[in-house]
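Working notes for the structure below.
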Amino acid sequence: MIVLGIETTCDETAAAVVERSVDGQGHILSNVVLSQIEQHAAFGGVVPEIAARAHVEVLDILIARAMREANRNFSNLDGVAAAAGPGLIGGLIVGLTTAKAIALVHEKPLIAVNHLEAHALTARLTNDTPFPYCLFLASGGHTQIVAVLGVGDYVRLGSTLDDAIGEAFDKTAKVLGLGYPGGPEVERCAARGDPTRFALPRPMVGRKDADFSLSGLKTALRLEAEKNAPLAERDVNDLCASFQQAVAAMVIDRLQAGLRLFEERFGPPMALVAAGGVAANQTIRGLLQNIATEVDTTLVLPPTELCTDNGAMIAWAGAERLAHGLIDTLESGPHARWPLDQVRKADTFPADASRA
Ligand code: KG4
Ligand code: ZN
């Protein structure tokens with residue numbers, strides 16, 4: 001089964017071709033990503049109108065390149081998948097309309113993929129991870145702990161009440177005069193800083209639920225930055241290190257709570273899986289390994305280029321849905337908001353029955 005995947009939910013334009021063999025194994029035939037970061041950098045964040053226009057300008061070229069690199073033409077495809085949400089509506093319309101045009105002209109099924117579902121299923125593409133598993137998704141737009149029970153079968157165990165973790169890294173970078181995206185910049189400065197210098201709050205720690213909250217931490221950081229202005233390089237490094245340490249402490253506690261909830265409801269998970277740009281952070285990667293070891297489960301960390309937004313994850317989610325007959329009509333529309341637990345579920349799981 002060969003599927004083309006298109007990703008345009010935020011500031012990456014991406015197209016990929018992925019193959020799913022009958023035994024459920026995935027192979028990436030091509031994976032082309034073009035970041036718009038430079039076009040948004042001057043604004044310190046993603047500007048929706050600029051993003052939508054930039055997707056229009058390059059998407060057809062990227063799709064042609066993905067098809068060429070995969071050495072396939074449209075007639076070889078078994079389906080065309082596009083991320084239909086959640087995301088910035090302008091970009092979603094560009095990607096979904098393009099997918100519909102290809103599907104219509106070449107008479108292929110359309111799969112309107114939930115972007116979060118694609119992050120959730122990536123571990124099956126890269127590591128053939130069996131259900132059920134616990135997903136920690138942390139990106140610029142989302143922070144969730146999800147029980148991934150089957151294709152289309154997701155239960156949200158916790159999520160952020162305000163900002164996403166990546167967003168908090170980006171805002172911290174902005175306050176401290178660092179570049180965009182903030183995550184890598186904050187991590188770089190944190191490596192040279194003293195994490196004990198500033199006592200920043202650790203919101204939500206100790207609670208039974210598995211929710212996150214970043215806004216109090218963000219405000220505390222801004223107040224410390226103001227109090228110590230003008231900031232010397234050492235102050236910036238210490239603020240970054242203290243911030244990263246506070247985030248790490250919260251992530252440990254919230255994931256421990258999430259894994260407890262998982263176990264109570266669904267038994268032991270087959271794996272702890274991380275996805276989203278924040279999973280590129282070395283400190284966070286290290287502590288995920290400790291948490292997985294603690295609950296005696298396997299940690300699955302897909303390579304960074306598949307943790308951040310890409311077309312292969314959309315193509316793969318499309319292939320997994322197609323294998324269960326979960327296709328969509330040309331009437332399907334984009335959804336700016338689309339919670340994971342509202343995704344249409346497969347009735348049966350033939351592919352997994354064969355693997356059990
Ligand atoms: O998944 P992603 O590429 O795009 C979406 O937001 O969907 O995630 C990007 C986010 C940004 O907020 C960025 O600052 C954060 O992930 N990020 C990091 C790191 N690399 C990227 N956060 C912390 N540490 C990093 N090394
Ligand atoms: Zn994403």
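We label chains A, B, ... in the order they appear in the structure tokens, count residues from 1 in each chain, and number ligands from 1 in the order shown.
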Each chain A residue no farther than 12 Å from ligand 2, nearest pair in Å, only C-alpha atoms and all ligand atoms, as JSON lines:
```
{"residue": "A:Glu7", "atom": "CA", "partner": "ligand 2", "partner_atom_place_in_ligand_line": "1 (Zn)", "distance": 9.4}
{"residue": "A:Thr8", "atom": "CA", "partner": "ligand 2", "partner_atom_place_in_ligand_line": "1 (Zn)", "distance": 10.0}
{"residue": "A:Thr9", "atom": "CA", "partner": "ligand 2", "partner_atom_place_in_ligand_line": "1 (Zn)", "distance": 7.8}
{"residue": "A:Cys10", "atom": "CA", "partner": "ligand 2", "partner_atom_place_in_ligand_line": "1 (Zn)", "distance": 7.9}
{"residue": "A:Asp11", "atom": "CA", "partner": "ligand 2", "partner_atom_place_in_ligand_line": "1 (Zn)", "distance": 9.7}
{"residue": "A:Glu12", "atom": "CA", "partner": "ligand 2", "partner_atom_place_in_ligand_line": "1 (Zn)", "distance": 9.4}
{"residue": "A:Thr13", "atom": "CA", "partner": "ligand 2", "partner_atom_place_in_ligand_line": "1 (Zn)", "distance": 11.8}
{"residue": "A:Ala14", "atom": "CA", "partner": "ligand 2", "partner_atom_place_in_ligand_line": "1 (Zn)", "distance": 11.7}
{"residue": "A:Ala83", "atom": "CA", "partner": "ligand 2", "partner_atom_place_in_ligand_line": "1 (Zn)", "distance": 10.2}
{"residue": "A:Gly85", "atom": "CA", "partner": "ligand 2", "partner_atom_place_in_ligand_line": "1 (Zn)", "distance": 10.2}
{"residue": "A:Pro86", "atom": "CA", "partner": "ligand 2", "partner_atom_place_in_ligand_line": "1 (Zn)", "distance": 9.2}
{"residue": "A:Gly87", "atom": "CA", "partner": "ligand 2", "partner_atom_place_in_ligand_line": "1 (Zn)", "distance": 8.9}
{"residue": "A:Leu88", "atom": "CA", "partner": "ligand 2", "partner_atom_place_in_ligand_line": "1 (Zn)", "distance": 11.6}
{"residue": "A:Asn114", "atom": "CA", "partner": "ligand 2", "partner_atom_place_in_ligand_line": "1 (Zn)", "distance": 10.2}
{"residue": "A:His115", "atom": "CA", "partner": "ligand 2", "partner_atom_place_in_ligand_line": "1 (Zn)", "distance": 6.5}
{"residue": "A:Leu116", "atom": "CA", "partner": "ligand 2", "partner_atom_place_in_ligand_line": "1 (Zn)", "distance": 6.7}
{"residue": "A:Glu117", "atom": "CA", "partner": "ligand 2", "partner_atom_place_in_ligand_line": "1 (Zn)", "distance": 9.8}
{"residue": "A:Ala118", "atom": "CA", "partner": "ligand 2", "partner_atom_place_in_ligand_line": "1 (Zn)", "distance": 8.5}
{"residue": "A:His119", "atom": "CA", "partner": "ligand 2", "partner_atom_place_in_ligand_line": "1 (Zn)", "distance": 6.7}
{"residue": "A:Ala120", "atom": "CA", "partner": "ligand 2", "partner_atom_place_in_ligand_line": "1 (Zn)", "distance": 10.0}
{"residue": "A:Thr122", "atom": "CA", "partner": "ligand 2", "partner_atom_place_in_ligand_line": "1 (Zn)", "distance": 11.3}
{"residue": "A:Leu137", "atom": "CA", "partner": "ligand 2", "partner_atom_place_in_ligand_line": "1 (Zn)", "distance": 8.6}
{"residue": "A:Ala138", "atom": "CA", "partner": "ligand 2", "partner_atom_place_in_ligand_line": "1 (Zn)", "distance": 8.4}
{"residue": "A:Ser139", "atom": "CA", "partner": "ligand 2", "partner_atom_place_in_ligand_line": "1 (Zn)", "distance": 6.1}
{"residue": "A:Gly140", "atom": "CA", "partner": "ligand 2", "partner_atom_place_in_ligand_line": "1 (Zn)", "distance": 7.5}
{"residue": "A:Gly141", "atom": "CA", "partner": "ligand 2", "partner_atom_place_in_ligand_line": "1 (Zn)", "distance": 7.2}
{"residue": "A:His142", "atom": "CA", "partner": "ligand 2", "partner_atom_place_in_ligand_line": "1 (Zn)", "distance": 7.6}
{"residue": "A:Thr143", "atom": "CA", "partner": "ligand 2", "partner_atom_place_in_ligand_line": "1 (Zn)", "distance": 10.2}
{"residue": "A:Gln144", "atom": "CA", "partner": "ligand 2", "partner_atom_place_in_ligand_line": "1 (Zn)", "distance": 11.7}
{"residue": "A:Ala164", "atom": "CA", "partner": "ligand 2", "partner_atom_place_in_ligand_line": "1 (Zn)", "distance": 11.5}
{"residue": "A:Gly166", "atom": "CA", "partner": "ligand 2", "partner_atom_place_in_ligand_line": "1 (Zn)", "distance": 10.6}
{"residue": "A:Ala274", "atom": "CA", "partner": "ligand 2", "partner_atom_place_in_ligand_line": "1 (Zn)", "distance": 11.9}
{"residue": "A:Ala275", "atom": "CA", "partner": "ligand 2", "partner_atom_place_in_ligand_line": "1 (Zn)", "distance": 8.2}
{"residue": "A:Gly276", "atom": "CA", "partner": "ligand 2", "partner_atom_place_in_ligand_line": "1 (Zn)", "distance": 5.7}
{"residue": "A:Gly277", "atom": "CA", "partner": "ligand 2", "partner_atom_place_in_ligand_line": "1 (Zn)", "distance": 7.5}
{"residue": "A:Val278", "atom": "CA", "partner": "ligand 2", "partner_atom_place_in_ligand_line": "1 (Zn)", "distance": 10.3}
{"residue": "A:Ala279", "atom": "CA", "partner": "ligand 2", "partner_atom_place_in_ligand_line": "1 (Zn)", "distance": 11.4}
{"residue": "A:Glu305", "atom": "CA", "partner": "ligand 2", "partner_atom_place_in_ligand_line": "1 (Zn)", "distance": 11.3}
{"residue": "A:Leu306", "atom": "CA", "partner": "ligand 2", "partner_atom_place_in_ligand_line": "1 (Zn)", "distance": 9.9}
{"residue": "A:Cys307", "atom": "CA", "partner": "ligand 2", "partner_atom_place_in_ligand_line": "1 (Zn)", "distance": 8.0}
{"residue": "A:Thr308", "atom": "CA", "partner": "ligand 2", "partner_atom_place_in_ligand_line": "1 (Zn)", "distance": 6.0}
{"residue": "A:Asp309", "atom": "CA", "partner": "ligand 2", "partner_atom_place_in_ligand_line": "1 (Zn)", "distance": 4.7}
{"residue": "A:Asn310", "atom": "CA", "partner": "ligand 2", "partner_atom_place_in_ligand_line": "1 (Zn)", "distance": 8.0}
{"residue": "A:Gly311", "atom": "CA", "partner": "ligand 2", "partner_atom_place_in_ligand_line": "1 (Zn)", "distance": 10.6}
{"residue": "A:Met313", "atom": "CA", "partner": "ligand 2", "partner_atom_place_in_ligand_line": "1 (Zn)", "distance": 9.7}
{"residue": "A:Ile314", "atom": "CA", "partner": "ligand 2", "partner_atom_place_in_ligand_line": "1 (Zn)", "distance": 10.3}
```
Enumerate, in order of chain and increasing residue number, the residues of region 124-162 of chain A with an atom no farther than 12 Å from region 321-332 of chain A, each with its shortest atom pair and distance in Å to one decimal, counting only C-alpha atoms, as JSON lines.
```
{"residue": "A:Gly150", "atom": "CA", "partner": "A:Arg321", "partner_atom": "CA", "distance": 10.5}
{"residue": "A:Val151", "atom": "CA", "partner": "A:Arg321", "partner_atom": "CA", "distance": 6.8}
{"residue": "A:Gly152", "atom": "CA", "partner": "A:Arg321", "partner_atom": "CA", "distance": 7.8}
{"residue": "A:Asp153", "atom": "CA", "partner": "A:Arg321", "partner_atom": "CA", "distance": 11.3}
```
In terms of the shortest atom-to-atom distance over only C-alpha atoms, which of A:Ala280, A:Leu239, A:Ala312, A:Ala292 is closest to Ala81 (chain A)? A:Ala312
Write out as a list in words all residues of region 119-317 of chain A that backbone DSSP assigns to strand (DSSP E). Tyr133, Cys134, Leu135, Phe136, Leu137, Ala138, Thr143, Gln144, Ile145, Val146, Ala147, Val148, Leu149, Gly150, Asp153, Tyr154, Val155, Arg156, Leu157, Gly158, Ser159, Ala271, Leu272, Val273, Ala274, Ala275, Thr298, Leu299 and Val300 of chain A
Write out as a list in words each polymer residue whose atoms come within 10 Å of Gln39 (chain A), counting only C-alpha atoms; drop sequence neighbours fewer than 3 positions from it. Asp11, Ser35, Gln36, Ala42, Phe43, Gly45, Val46, Val47, Ile50, Ala51 and Ala54 of chain A
Gln245 (chain A) environment, 10 Å, only C-alpha atoms, sequence neighbours closer than 3 positions dropped, as a PDB file with N, CA, C and O atoms, in the first residue's frame:
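Below is the file around.pdb, written as the result:
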```
ATOM      1  N   ALA A 190      21.060  27.175  28.094  1.00  0.00           N
ATOM      2  CA  ALA A 190      20.886  26.453  29.363  1.00  0.00           C
ATOM      3  C   ALA A 190      22.108  25.584  29.659  1.00  0.00           C
ATOM      4  O   ALA A 190      22.491  25.411  30.816  1.00  0.00           O
ATOM      5  N   ASP A 194      23.464  28.103  35.155  1.00  0.00           N
ATOM      6  CA  ASP A 194      23.288  27.487  36.479  1.00  0.00           C
ATOM      7  C   ASP A 194      21.792  27.305  36.744  1.00  0.00           C
ATOM      8  O   ASP A 194      21.075  28.283  36.978  1.00  0.00           O
ATOM      9  N   PRO A 195      21.304  26.062  36.744  1.00  0.00           N
ATOM     10  CA  PRO A 195      19.859  25.825  36.892  1.00  0.00           C
ATOM     11  C   PRO A 195      19.332  26.106  38.298  1.00  0.00           C
ATOM     12  O   PRO A 195      18.118  26.100  38.516  1.00  0.00           O
ATOM     13  N   THR A 196      20.247  26.346  39.254  1.00  0.00           N
ATOM     14  CA  THR A 196      19.783  26.555  40.635  1.00  0.00           C
ATOM     15  C   THR A 196      19.706  28.042  41.000  1.00  0.00           C
ATOM     16  O   THR A 196      19.269  28.396  42.085  1.00  0.00           O
ATOM     17  N   ALA A 199      14.810  30.447  41.460  1.00  0.00           N
ATOM     18  CA  ALA A 199      13.815  29.472  41.946  1.00  0.00           C
ATOM     19  C   ALA A 199      12.496  29.725  41.223  1.00  0.00           C
ATOM     20  O   ALA A 199      11.662  30.490  41.695  1.00  0.00           O
ATOM     21  N   LEU A 200      12.324  29.112  40.060  1.00  0.00           N
ATOM     22  CA  LEU A 200      11.092  29.296  39.290  1.00  0.00           C
ATOM     23  C   LEU A 200      10.050  28.268  39.738  1.00  0.00           C
ATOM     24  O   LEU A 200      10.406  27.171  40.183  1.00  0.00           O
ATOM     25  N   ARG A 202       7.113  25.347  39.805  1.00  0.00           N
ATOM     26  CA  ARG A 202       6.881  24.101  39.070  1.00  0.00           C
ATOM     27  C   ARG A 202       5.392  23.808  39.113  1.00  0.00           C
ATOM     28  O   ARG A 202       4.923  23.028  39.940  1.00  0.00           O
ATOM     29  N   LEU A 239      19.005  32.009  33.471  1.00  0.00           N
ATOM     30  CA  LEU A 239      17.536  32.007  33.340  1.00  0.00           C
ATOM     31  C   LEU A 239      17.081  30.833  32.473  1.00  0.00           C
ATOM     32  O   LEU A 239      16.112  30.141  32.793  1.00  0.00           O
ATOM     33  N   CYS A 240      17.787  30.590  31.371  1.00  0.00           N
ATOM     34  CA  CYS A 240      17.440  29.466  30.491  1.00  0.00           C
ATOM     35  C   CYS A 240      17.581  28.139  31.235  1.00  0.00           C
ATOM     36  O   CYS A 240      16.708  27.267  31.156  1.00  0.00           O
ATOM     37  N   ALA A 241      18.694  27.987  31.969  1.00  0.00           N
ATOM     38  CA  ALA A 241      18.931  26.731  32.693  1.00  0.00           C
ATOM     39  C   ALA A 241      17.868  26.520  33.766  1.00  0.00           C
ATOM     40  O   ALA A 241      17.351  25.408  33.938  1.00  0.00           O
ATOM     41  N   SER A 242      17.500  27.612  34.475  1.00  0.00           N
ATOM     42  CA  SER A 242      16.492  27.487  35.537  1.00  0.00           C
ATOM     43  C   SER A 242      15.122  27.165  34.941  1.00  0.00           C
ATOM     44  O   SER A 242      14.355  26.368  35.495  1.00  0.00           O
ATOM     45  N   ALA A 248      11.540  20.512  33.083  1.00  0.00           N
ATOM     46  CA  ALA A 248      11.899  19.102  33.229  1.00  0.00           C
ATOM     47  C   ALA A 248      11.228  18.501  34.462  1.00  0.00           C
ATOM     48  O   ALA A 248      10.663  17.404  34.405  1.00  0.00           O
ATOM     49  N   ALA A 249      11.244  19.250  35.573  1.00  0.00           N
ATOM     50  CA  ALA A 249      10.631  18.742  36.807  1.00  0.00           C
ATOM     51  C   ALA A 249       9.132  18.529  36.605  1.00  0.00           C
ATOM     52  O   ALA A 249       8.559  17.536  37.074  1.00  0.00           O
ATOM     53  N   MET A 250       8.504  19.450  35.878  1.00  0.00           N
ATOM     54  CA  MET A 250       7.070  19.306  35.629  1.00  0.00           C
ATOM     55  C   MET A 250       6.795  18.104  34.718  1.00  0.00           C
ATOM     56  O   MET A 250       5.879  17.327  34.971  1.00  0.00           O
ATOM     57  N   VAL A 251       7.611  17.966  33.665  1.00  0.00           N
ATOM     58  CA  VAL A 251       7.402  16.852  32.728  1.00  0.00           C
ATOM     59  C   VAL A 251       7.530  15.511  33.456  1.00  0.00           C
ATOM     60  O   VAL A 251       6.705  14.607  33.276  1.00  0.00           O
ATOM     61  N   THR A 283      17.887  17.252  27.445  1.00  0.00           N
ATOM     62  CA  THR A 283      17.558  17.081  28.865  1.00  0.00           C
ATOM     63  C   THR A 283      16.257  16.298  28.987  1.00  0.00           C
ATOM     64  O   THR A 283      16.148  15.357  29.793  1.00  0.00           O
ATOM     65  N   ILE A 284      15.264  16.674  28.166  1.00  0.00           N
ATOM     66  CA  ILE A 284      13.967  16.005  28.235  1.00  0.00           C
ATOM     67  C   ILE A 284      14.083  14.560  27.735  1.00  0.00           C
ATOM     68  O   ILE A 284      13.511  13.641  28.330  1.00  0.00           O
TER      69      ILE A 284
END
```
Work out how far CA of Asp211 (chain A) is from CA of Ala168 (chain A), in Å to one decimal.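 CA of Asp211 (chain A) lies at a distance of 15.3 Å from CA of Ala168 (chain A).
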Nearest residue to ligand 1 from the set A:Gly44, A:Gly177, A:Gly79, A:Gly95 (distances using only C-alpha atoms and all ligand atoms):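 Closest to ligand 1, using only C-alpha atoms and all ligand atoms: A:Gly44.
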Which of region 133-231 of chain A counts as helix (DSSP H, G or I) under DSSP, as JSON, numbers by chain please? {"A": [165, 166, 167, 168, 169, 170, 171, 172, 173, 174, 175, 182, 183, 184, 185, 186, 187, 188, 189, 190, 215, 216, 217, 218, 219, 220, 221, 222, 223, 224, 225, 226, 227]}
Smallest atom-to-atom distance to Leu77 (chain A): which of A:Leu176, A:Ile111, A:Ala271, A:Leu4, using only C-alpha atoms?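 Closest to Leu77 (chain A) of all the choices is A:Leu4.
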List as a PDB file with C-alpha atoms, in the first residue's frame the protein and nucleic acid residues near Arg222 (chain A), meaning an atom at most 8 Å away when only C-alpha atoms are counted, but skip any in the same chain fewer than 4 places from it.
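Saved to selection_12.pdb:
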```pdb
ATOM      1  CA  THR A 172      11.126  32.523  26.986  1.00  0.00           C
ATOM      2  CA  VAL A 175      11.742  37.649  26.485  1.00  0.00           C
ATOM      3  CA  LYS A 218       6.368  31.914  31.902  1.00  0.00           C
ATOM      4  CA  GLU A 226      12.806  42.331  34.290  1.00  0.00           C
TER       5      GLU A 226
END
```
Who sits within 9 Å of Pro184 (chain A), only C-alpha atoms, same chain under 2 positions skipped, as an MDAnalysis selection string: chainID A and resid 169 180:182 186:189 278 280:281
Got time to write the residues from that selection, C-alpha atoms, as a CSV table (one decimal), in the first residue's frame?
```
chain,number,residue,atom,x,y,z
A,169,PHE,CA,10.3,27.8,25.2
A,180,TYR,CA,13.1,31.8,16.9
A,181,PRO,CA,12.3,29.0,17.3
A,182,GLY,CA,13.2,29.3,20.9
A,186,VAL,CA,17.1,28.1,25.2
A,187,GLU,CA,18.6,24.6,25.3
A,188,ARG,CA,22.0,26.0,24.0
A,189,CYS,CA,22.1,28.8,26.6
A,278,VAL,CA,10.2,19.4,22.3
A,280,ALA,CA,14.5,17.1,20.5
A,281,ASN,CA,15.6,18.5,23.8
```
Write out as a count of residues only each polymer residue whose atoms come within 12 Å of Pro269 (chain A), counting only C-alpha atoms; drop sequence neighbours fewer than 2 positions from it. 31
